[in-house]
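So this one's start.txt, compact mmCIF, C-alpha atoms and all ligand atoms:
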```
# COMPACT_ATOMS: atom_id res chain seq x y z
CA MET A 34 -0.44 -14.00 -26.02
CA SER A 35 1.51 -11.24 -24.30
CA ASP A 36 5.24 -10.89 -24.27
CA ILE A 37 6.51 -11.10 -20.65
CA ALA A 38 9.33 -8.64 -21.26
CA GLY A 39 6.96 -6.02 -22.61
CA HIS A 40 4.22 -6.66 -20.07
CA GLY A 41 4.82 -3.79 -17.58
CA ARG A 42 2.68 -0.69 -17.82
CA SER A 43 4.77 2.26 -18.84
CA GLN A 44 4.87 5.40 -16.66
CA SER A 45 4.18 7.42 -19.78
CA THR A 46 0.80 5.76 -20.33
CA PRO A 47 -1.11 6.22 -17.06
CA ILE A 48 -4.46 4.47 -16.85
CA TYR A 49 -6.13 7.63 -15.65
CA ASN A 50 -5.30 10.66 -17.65
CA ARG A 51 -4.45 13.57 -15.34
CA GLN A 52 -5.11 16.00 -18.16
CA SER A 53 -8.63 14.74 -18.76
CA ASP A 54 -9.56 13.99 -15.13
CA PRO A 55 -9.87 17.34 -13.33
CA CYS A 56 -10.09 15.61 -9.94
CA LEU A 57 -6.54 14.29 -10.12
CA GLY A 58 -4.11 16.79 -8.64
CA PRO A 59 -0.34 16.66 -8.20
CA VAL A 60 1.43 13.31 -7.93
CA VAL A 61 2.54 12.67 -4.35
CA ALA A 62 4.52 9.46 -5.02
CA THR A 63 5.37 8.07 -8.46
CA ALA A 64 5.26 4.38 -9.33
CA GLU A 65 9.06 4.40 -9.13
CA ASP A 66 9.02 6.02 -5.64
CA LEU A 67 6.57 3.35 -4.48
CA GLU A 68 8.55 0.49 -5.96
CA ARG A 69 11.79 1.70 -4.37
CA ARG A 70 10.29 2.31 -0.90
CA VAL A 71 8.39 -0.97 -0.84
CA ALA A 72 11.62 -2.80 -1.74
CA GLU A 73 13.40 -1.02 1.15
CA LEU A 74 10.63 -1.89 3.61
CA GLY A 75 10.73 -5.51 2.41
CA ALA A 76 14.49 -5.66 2.98
CA GLU A 77 14.13 -4.22 6.52
CA ILE A 78 11.39 -6.69 7.40
CA THR A 79 13.42 -9.57 5.94
CA LYS A 80 16.31 -8.65 8.23
CA ASP A 81 14.18 -8.08 11.34
CA TYR A 82 12.09 -11.24 11.00
CA ALA A 83 14.90 -13.64 10.02
CA GLY A 84 14.09 -17.12 11.34
CA ARG A 85 10.40 -16.27 11.85
CA VAL A 86 7.33 -16.56 9.65
CA PRO A 87 5.49 -13.24 9.82
CA LEU A 88 1.74 -13.20 9.37
CA LEU A 89 0.89 -10.16 7.26
CA VAL A 90 -2.54 -8.82 8.17
CA GLY A 91 -4.02 -6.51 5.55
CA VAL A 92 -6.98 -4.26 6.07
CA LEU A 93 -9.34 -4.49 3.11
CA LYS A 94 -9.65 -3.09 0.65
CA GLY A 95 -6.96 -0.44 0.23
CA ALA A 96 -4.01 -2.26 1.78
CA CYS A 97 -4.20 -5.32 -0.46
CA PHE A 98 -2.27 -3.53 -3.24
CA PHE A 99 0.57 -2.59 -0.88
CA LEU A 100 0.47 -5.98 0.84
CA ALA A 101 0.79 -7.84 -2.46
CA ASP A 102 3.91 -5.88 -3.41
CA LEU A 103 5.39 -5.92 0.10
CA ALA A 104 4.96 -9.69 0.49
CA ARG A 105 6.97 -10.20 -2.70
CA ALA A 106 9.73 -7.91 -1.40
CA ILE A 107 10.15 -10.01 1.78
CA GLU A 108 12.61 -12.83 1.30
CA LEU A 109 11.16 -15.08 4.00
CA PRO A 110 8.22 -17.44 4.16
CA VAL A 111 5.21 -15.28 5.00
CA GLU A 112 1.51 -15.93 5.49
CA VAL A 113 -1.20 -13.43 4.64
CA ASP A 114 -4.65 -12.81 6.01
CA PHE A 115 -7.19 -10.03 5.65
CA MET A 116 -9.82 -8.31 7.68
CA ALA A 117 -12.38 -5.71 6.75
CA VAL A 118 -13.53 -2.95 9.04
CA SER A 119 -16.05 -0.22 8.72
CA SER A 120 -15.80 3.03 10.57
CA TYR A 121 -18.77 4.78 12.07
CA GLY A 122 -17.41 8.16 10.95
CA ASN A 123 -18.56 10.00 7.84
CA SER A 124 -16.84 9.59 4.48
CA THR A 125 -13.96 11.96 5.16
CA GLN A 126 -13.46 11.56 8.93
CA THR A 127 -13.20 8.45 11.04
CA SER A 128 -14.62 8.35 14.54
CA GLY A 129 -12.36 5.66 15.95
CA VAL A 130 -15.38 3.45 16.57
CA VAL A 131 -14.76 0.54 14.26
CA ARG A 132 -16.87 -2.49 13.39
CA ILE A 133 -15.22 -5.67 12.11
CA VAL A 134 -17.03 -6.60 8.91
CA LYS A 135 -14.81 -9.56 8.03
CA ASP A 136 -12.58 -11.10 10.67
CA LEU A 137 -9.29 -12.92 10.16
CA ASP A 138 -9.23 -16.62 9.32
CA ALA A 139 -5.98 -17.17 11.26
CA ASP A 140 -5.61 -17.79 14.98
CA LEU A 141 -3.07 -15.18 16.16
CA ASN A 142 -2.00 -17.05 19.28
CA GLY A 143 1.82 -17.24 19.26
CA ARG A 144 2.11 -15.67 15.77
CA HIS A 145 4.40 -12.84 14.70
CA VAL A 146 1.77 -10.47 13.37
CA LEU A 147 2.53 -7.51 11.14
CA ILE A 148 -0.42 -5.22 10.43
CA VAL A 149 -0.12 -3.83 6.90
CA GLU A 150 -1.88 -0.46 6.61
CA ASP A 151 -2.19 1.64 3.49
CA ILE A 152 -2.67 5.07 5.04
CA VAL A 153 -2.85 6.53 8.51
CA ASP A 154 -4.96 9.66 8.78
CA SER A 155 -6.22 10.26 12.35
CA GLY A 156 -4.69 6.92 13.41
CA LEU A 157 -7.91 5.92 15.15
CA THR A 158 -8.59 2.89 12.94
CA LEU A 159 -5.08 1.59 13.48
CA SER A 160 -5.25 2.23 17.19
CA TYR A 161 -8.45 0.18 17.42
CA LEU A 162 -6.99 -2.63 15.30
CA ARG A 163 -3.84 -2.84 17.37
CA ARG A 164 -5.84 -3.15 20.60
CA ASN A 165 -8.16 -5.72 19.07
CA LEU A 166 -5.36 -7.91 17.68
CA ALA A 167 -3.16 -7.57 20.79
CA ALA A 168 -5.96 -9.17 22.80
CA ARG A 169 -5.57 -12.34 20.68
CA HIS A 170 -2.16 -13.15 22.23
CA PRO A 171 0.23 -12.85 19.28
CA ALA A 172 3.92 -13.51 20.04
CA SER A 173 4.62 -10.06 18.56
CA LEU A 174 2.53 -7.32 16.98
CA GLU A 175 3.96 -4.57 14.79
CA VAL A 176 2.66 -2.19 12.14
CA VAL A 177 3.89 -1.22 8.70
CA ALA A 178 2.10 1.80 7.24
CA LEU A 179 2.87 3.00 3.75
CA PHE A 180 1.57 6.58 4.02
CA VAL A 181 1.26 8.65 7.17
CA LYS A 182 -0.40 12.05 6.96
CA ARG A 183 1.69 14.67 8.64
CA GLY A 184 0.48 16.17 11.92
CA LEU A 185 -3.00 14.63 12.10
CA GLN A 186 -2.62 11.95 14.76
CA SER A 187 -3.55 12.60 18.37
CA VAL A 188 -2.72 9.02 19.37
CA ASP A 189 0.77 7.51 19.59
CA LEU A 190 1.08 5.27 16.52
CA ASP A 191 4.26 3.38 17.41
CA LEU A 192 4.90 2.34 13.80
CA ALA A 193 7.75 -0.14 13.35
CA TYR A 194 7.90 0.66 9.62
CA GLN A 195 6.72 3.72 7.74
CA GLY A 196 6.85 4.31 3.98
CA PHE A 197 6.21 8.01 3.38
CA GLU A 198 5.14 10.96 5.43
CA ILE A 199 2.75 12.92 3.21
CA PRO A 200 0.88 16.25 3.46
CA PRO A 201 -2.56 16.07 5.09
CA ASP A 202 -4.49 16.13 1.78
CA PHE A 203 -6.92 13.53 0.48
CA VAL A 204 -5.05 11.19 -1.87
CA VAL A 205 -5.94 8.38 -4.27
CA GLY A 206 -4.17 5.54 -6.05
CA TYR A 207 -2.13 2.47 -5.16
CA GLY A 208 -5.15 1.00 -3.37
CA LEU A 209 -6.71 4.22 -2.09
CA ASP A 210 -10.10 5.16 -3.47
CA VAL A 211 -12.90 7.63 -3.76
CA SER A 212 -16.16 5.68 -4.02
CA GLU A 213 -14.17 2.58 -5.10
CA ARG A 214 -12.48 4.38 -8.01
CA TYR A 215 -8.77 5.10 -8.55
CA ARG A 216 -7.49 2.08 -6.58
CA ASN A 217 -5.65 0.82 -9.67
CA LEU A 218 -3.80 4.06 -10.28
CA PRO A 219 -0.14 2.97 -10.15
CA TYR A 220 0.94 6.14 -8.34
CA LEU A 221 -0.40 8.28 -5.48
CA ALA A 222 -2.03 11.59 -6.41
CA THR A 223 -3.88 14.34 -4.59
CA TYR A 224 -7.63 14.22 -5.12
CA VAL A 225 -9.31 17.53 -5.74
CA GLU A 226 -13.07 17.59 -5.31
CA ARG A 227 -14.78 19.45 -8.19
P1 LIG B 1 -7.88 6.97 10.21
O1 LIG B 1 -8.62 6.06 11.17
O2 LIG B 1 -8.37 8.40 10.31
O3 LIG B 1 -6.39 6.88 10.34
O4 LIG B 1 -8.31 6.54 8.73
C1 LIG B 1 -7.74 5.44 8.11
C2 LIG B 1 -8.53 4.98 6.92
O5 LIG B 1 -9.23 6.07 6.26
C3 LIG B 1 -7.59 4.41 5.87
O6 LIG B 1 -7.34 3.03 6.08
C4 LIG B 1 -8.31 4.70 4.57
O7 LIG B 1 -9.24 3.66 4.30
C5 LIG B 1 -9.09 5.97 4.84
N1 LIG B 1 -8.35 7.17 4.38
C6 LIG B 1 -7.77 8.10 5.15
N2 LIG B 1 -7.20 9.06 4.39
C7 LIG B 1 -7.42 8.72 3.10
C8 LIG B 1 -7.07 9.33 1.84
O8 LIG B 1 -6.41 10.37 1.73
N3 LIG B 1 -7.48 8.66 0.72
C9 LIG B 1 -8.21 7.51 0.77
N4 LIG B 1 -8.55 6.90 1.92
C10 LIG B 1 -8.16 7.51 3.09
```

What does this structure look like when you write it as structure tokens?
Ligand code: IMP
Amino acid sequence: MSDIAGHGRSQSTPIYNRQSDPCLGPVVATAEDLERRVAELGAEITKDYAGRVPLLVGVLKGACFFLADLARAIELPVEVDFMAVSSYGNSTQTSGVVRIVKDLDADLNGRHVLIVEDIVDSGLTLSYLRRNLAARHPASLEVVALFVKRGLQSVDLDLAYQGFEIPPDFVVGYGLDVSERYRNLPYLATYVER
């Protein structure tokens, strides 16, 4: 039986050891940075959506970590739904041509939809998603993106909420992976291929 008060994972005992994993580079956002920013985003969304029930749409798999924390930082009734997409690009670059692998369960007609994105790189995936969901007649459609890579987007992103602007390096943790690993890292770190 675990003690609730002592249940949190301490910052000093990371689950991946940066000393022993040569692929983990500098920390870009600590667990404390993430907790603070997600709380701020939740407060902003709470204020902006007062009197409405936002439908949070997460893009699997990366965004489900952020979505789970964000939903708990919003002091309103919310609903959540997920979709999965696969890009036709290679592993490090998206092409903007996206295939829906798992569609939403919810009907978006008349709903206040908030797309919850983990990271925006080229912005092409998000741009496709926004067009696709807009065609389903939501009452409103906005985007919250936790990380936006600086200077890489050729399309206008029009993000209502943005967590952090980060350097254009490949990063892992807090939902972001390399071959499905590192998603459970409680902070965001640069990934260095070795
Ligand atoms: P975009 O279409 O180029 O903006 O790519 C967006 C998607 O690529 C994200 O939802 C992630 O799944 C993935 N991605 C982009 N950059 C990174 C990264 O640094 N680490 C892990 N996944 C990334």

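With all atoms listed in the file as the basis for measurement, A:Val86 is the residue among A:Ala101, A:Leu192, A:Val86, A:Leu157 that approaches A:Gly143 most closely.
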
With 7 Å as the cut-off and all atoms listed in the file counted, what is the closest atom pair between each nearby residue of chain A and ligand LIG 1 (chain B)? Distances in Å to one decimal, ordered by chain and number, as CSV.
```
residue,atom,partner,partner_atom,distance
A:Gly95,CA,B:LIG1,O7,6.2
A:Gln126,CA,B:LIG1,O2,6.1
A:Thr127,CA,B:LIG1,O2,4.9
A:Gly129,CA,B:LIG1,O1,6.1
A:Glu150,CA,B:LIG1,O6,6.5
A:Asp151,CA,B:LIG1,O6,5.9
A:Ile152,CA,B:LIG1,C3,5.0
A:Val153,CA,B:LIG1,O3,4.0
A:Asp154,CA,B:LIG1,O3,3.5
A:Ser155,CA,B:LIG1,O2,3.5
A:Gly156,CA,B:LIG1,O3,3.5
A:Leu157,CA,B:LIG1,O1,4.0
A:Thr158,CA,B:LIG1,O1,3.6
A:Leu159,CA,B:LIG1,O1,6.2
A:Asp202,CA,B:LIG1,O8,6.1
A:Phe203,CA,B:LIG1,O8,3.4
A:Val204,CA,B:LIG1,O8,3.9
A:Val205,CA,B:LIG1,N3,5.2
A:Leu209,CA,B:LIG1,C9,4.6
A:Asp210,CA,B:LIG1,C9,5.2
A:Val211,CA,B:LIG1,C9,6.5
```

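Atom pair atom CA of A:Leu93 / atom CA of A:Gly206: separated by 14.5 Å.
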
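In this structure, atom CA of A:Val131 sits 15.5 Å away from atom CA of A:Gly91.
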
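You can rank A:Arg132, A:Arg70, A:Arg144, A:Arg227 by their closest distance to A:Phe180 using only C-alpha atoms, and at the top of that list sits A:Arg70.
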
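Considering all atoms listed in the file, the residue among A:Arg214, A:Arg163, A:Arg105, A:Arg169 positioned nearest to A:Val92 is A:Arg163.
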
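Straight-line separation from atom CA of A:Glu175 to atom CA of A:Gln195: 11.2 Å.
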
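Among the candidates A:Val181, A:Val90, A:Phe98, A:Gln186, the residue lying nearest to A:Gly208 is A:Phe98 (atoms considered: all atoms listed in the file).
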
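Remark: residues at most 6 Å from position (6.2, 3.5, 6.4) in file coordinates are A:Val177, A:Ala178, A:Leu179, A:Tyr194, A:Gln195, A:Gly196, A:Phe197, using all atoms listed in the file.
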
Taking all atoms of stretch 83-93 of chain A that the file lists and extending 5 Å past them on each side, where is the centre of the axis-aligned box and how long are its edges? Answer in Å to one decimal, as JSON.
```
{"center_x": 2.8, "center_y": -10.7, "center_z": 7.5, "size_x": 34.2, "size_y": 22.9, "size_z": 18.7}
```

Using all atoms listed in the file, the residue out of A:Leu109, A:Tyr82, A:Ser160, A:Asp136 with shortest distance to A:Asp189 is A:Ser160

Can you list, as number ranges by chain, every protein, DNA or RNA residue that comes within 9 Å of A:Val61 when you count all atoms listed in the file, leaving out same-chain residues fewer than 2 positions away? A: 58-59, 63, 199-200, 204, 220-223

The residue from A:Val71, A:Val111, A:Cys56, A:Ala96 with the smallest atom-to-atom distance to A:Tyr224, counting only C-alpha atoms, is A:Cys56
